[in-house]
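**Q** Got a structure for you, questions after.
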Amino acid sequence: MCTFANLVKVKAVRYTRYEGGLEDLSPEEVLALLEDFLLDSGFSDPFQRYDPDPNRAPTLEDLYDALLQALLRNELVPEDWLREARFANRKEETRLYRAIQNLIRKLEEAGYVRFPGQDPTDPAQGGYRGEAGEARLELTEKASDFLGLKSLRELLGALGRNPPGLHPTPHHAPGVEKTGETKAWDWGDPLELNVPETLKKAAAKGLENLDQGDLIIDLAEYTASMSTVVLLDCSHSMILYGEDRFTPAKRVALALAHLIRTQFPGDRVRFVLFHDKAEEIPLSRLPLAQVGPYHTNTKAGLELARTLLKKMGGEMKQIILITDGKPSAITLPSGEIYKNAWGLDPLILAETLKEATLARREGIPIHTFMLAREPELLAFVKKLSQITRGKAYLTHPGNIGRYLLLDFLNKKVRRN
């Protein structure tokens with residue numbers, strides 16, 4: 001870990017004069033400065049890249065160092081503060097140290113971060129510490145939502161569009177978006193009368209002779225809520241082969257969560273990490289999620305997604321699968337993890353496609369976003385899409401967000 005003095009010396013080459021004060025930075029501006037640090041999946045650390053620790057979490061000291069680097073990188077530190085810091089015997093005595101501590105305190109007071117023992121409803125946090133006893137950083141759902149908003153703005157800015165509201169279907173019913181078509185009113189329909197057509201009936205038959213079929217209502221496009229489970233592959237390959245594939249996947253997942261919360265209030269979304277096994281992950285933990293030394297148990301991910309969708313309900317359902325590799329593991333009835341990273345193992349493939357078949361029977365399409373081009377993955381995804389009538393996209397970390405959000409915003413998901 002870099003020391004305080006080293007960090008200051010590295011960037012002490014050129015600075016423009018900073019006219020404001022660090023105390024003027026809002027909690028949101030501070031969080032934005034820390035975005036890359038908070039979303040890092042281990043790729044930036046060479047040791048973590050080749051020997052990943054899925055339980056890796058930033059400490060309070062890591063947060064301090066990251067904020068210091070961000071302030072230096074953006075030339076937000078006054079020159080006299082830098083001179084003071086370079087020659088100080090103890091960093092705690094410097095104005096720069098006190099200012100950074102104050103910024104961290106702002107994040108806590110605004111409800112963006114917390115440290116062990118601060119949540120009285122979660123006593124287990126008190127024991128969550130690193131090897132040296134240092135406090136580990138935890139983000140709140142509010143912080144995750146802010147990071148999702150930031151990611152969404154960047155992605156939609158690249159697309160040059162704004163988010164719409166509801167998912168249309170091929171069906172018509174009484175509703176808000178008028179189609180110009182009408183129908184006779186039936187019991188259970190909202191009484192949204194088409195006044196001219198109803199008055200024509202009344203004029204022809206007389207008010208005293210009107211019956212139920214003479215009440216004419218407007219038809220509208222039928223809209224339905226969508227339940228979505230996003231499956232995120234966090235196997236080792238997501239950071240191993242020279243590029244970070246997991247962090248862009250987390251960014252688009254956070255963006256989707258914010259989009260659904262703000263623009264599709266009737267929709268629901270949940271997130272699942274799959275590796276040797278599969279686990280649901282709450283939104284507050286998603287930004288800090290890490291890759292591990294894992295294989296790819298796609299079957300376990302699909303099985304958990306189906307279970308969650310049954311609980312979530314909703315008329316329309318979908319699974320979004322983000323992966324960079326073919327299935328290479330399954331959980332046997334004994335609970336043992338069977339693994340085979342070489343080629344498409346017949347047993348693993350058959351068991352995984354069984355899950356896809358069950359999803360198809362339940363009316364759940366699986367839309368796959370591939371982050372690699374290996375032949376085995378392409379062959380698997382082609383079969384998966386055929387079974388579930390889902391869509392498949394060959395993407396890379398630089399454009400997965402655009403593909404996924406375009407798919408969602410263009411409302412291409414059809415009921416099967």
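Letters A, B, ... go to the chains of the structure tokens in the order shown; residues in each chain start at 1; ligands are counted from 1 in the same order.
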I'd like to know which residues of stretch 171-323 of chain A are strand (DSSP E) (by DSSP, run on the backbone); could you write them as a short mmCIF file (atom, residue, chain, number, x, y, z; two decimals) with C-alpha atoms, in the first residue's frame?

**A**
data_model
loop_
_atom_site.label_atom_id
_atom_site.label_comp_id
_atom_site.auth_asym_id
_atom_site.auth_seq_id
_atom_site.Cartn_x
_atom_site.Cartn_y
_atom_site.Cartn_z
CA HIS A 171 -52.47 -6.80 -26.76
CA HIS A 172 -55.04 -4.04 -26.33
CA ALA A 173 -57.06 -3.20 -23.26
CA PRO A 174 -58.51 -0.17 -21.44
CA GLY A 175 -55.62 1.98 -20.31
CA VAL A 176 -53.71 5.21 -20.80
CA GLU A 177 -52.14 5.04 -24.27
CA LYS A 178 -55.18 5.41 -26.57
CA THR A 179 -55.08 3.49 -29.86
CA GLY A 180 -58.15 4.98 -31.55
CA GLU A 181 -60.03 1.68 -31.26
CA THR A 182 -63.17 1.15 -29.16
CA LYS A 183 -65.19 -1.68 -27.63
CA ALA A 184 -68.39 -2.26 -25.75
CA ILE A 216 -68.51 2.39 -25.63
CA ILE A 217 -65.03 2.71 -24.12
CA ASP A 218 -61.64 3.57 -25.62
CA LEU A 219 -58.99 0.92 -26.05
CA ALA A 220 -55.35 1.51 -25.20
CA GLU A 221 -52.11 -0.40 -25.54
CA TYR A 222 -51.91 -2.98 -22.79
CA THR A 223 -48.89 -2.50 -20.54
CA ALA A 224 -47.53 -4.99 -18.03
CA MET A 226 -41.64 -6.84 -15.89
CA SER A 227 -39.78 -9.01 -13.38
CA THR A 228 -36.08 -9.33 -14.20
CA VAL A 229 -33.24 -11.33 -12.72
CA VAL A 230 -29.75 -10.31 -13.83
CA LEU A 231 -27.17 -13.10 -13.71
CA LEU A 232 -23.59 -11.85 -13.38
CA ASP A 233 -20.73 -14.26 -14.08
CA ARG A 268 -38.88 -5.52 -10.17
CA VAL A 269 -35.23 -6.53 -10.55
CA ARG A 270 -32.91 -8.75 -8.52
CA PHE A 271 -29.28 -9.74 -8.98
CA VAL A 272 -27.49 -13.06 -8.81
CA LEU A 273 -23.75 -13.79 -8.85
CA PHE A 274 -22.88 -17.20 -10.26
CA ALA A 278 -24.97 -19.08 -7.24
CA GLU A 279 -26.05 -16.47 -4.72
CA GLU A 280 -28.43 -13.55 -4.70
CA MET A 316 -43.78 -10.66 -17.86
CA LYS A 317 -40.51 -12.24 -16.76
CA GLN A 318 -36.99 -12.42 -18.12
CA ILE A 319 -33.47 -13.51 -17.25
CA ILE A 320 -30.52 -11.39 -18.35
CA LEU A 321 -27.33 -13.48 -18.47
CA ILE A 322 -23.95 -11.70 -18.60
CA THR A 323 -21.06 -14.12 -19.07
#

**Q** Give me, as JSON, numbers by chain, all polymer residues having an atom no more than 7 Å from stretch 197-201 of chain A, counting only C-alpha atoms and skipping those fewer than 4 positions away in the same chain.

**A** {"A": [205, 214, 215, 216]}

**Q** Can you work out which one of A:Leu72, A:Ala249, A:Leu286, A:Leu308 has the shortest atom-to-atom distance to A:Phe369, counting only C-alpha atoms?

**A** A:Ala249

**Q** Near A:Ala143, within 8 Å and counting only C-alpha atoms, which residues show up once chain neighbours fewer than 3 positions away are dropped, as a list in words?

**A** Leu31, Gly111, Tyr112, Val113, Leu139, Thr140, Phe146, Leu147 and Ser284 of chain A

**Q** With only C-alpha atoms as the atoms that count, which of A:Asp145, A:Leu344, A:Phe87, A:Phe47 lies nearest to A:Ile260?

**A**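 The shortest atom-to-atom distance to A:Ile260 comes from A:Asp145.
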
**Q** Which value, in Å to one decimal, gives the distance between atom CA of A:Asp53 and atom CA of A:His367?

**A**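 Between atom CA of A:Asp53 and atom CA of A:His367 the gap is 29.0 Å.
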
**Q** Which residues are close to A:Thr94, i.e. within 12 Å by only C-alpha atoms, leaving aside same-chain residues fewer than 2 positions away? Reply as a PyMOL selection string.

**A** chain A and resi 4-5+80-92+96-101
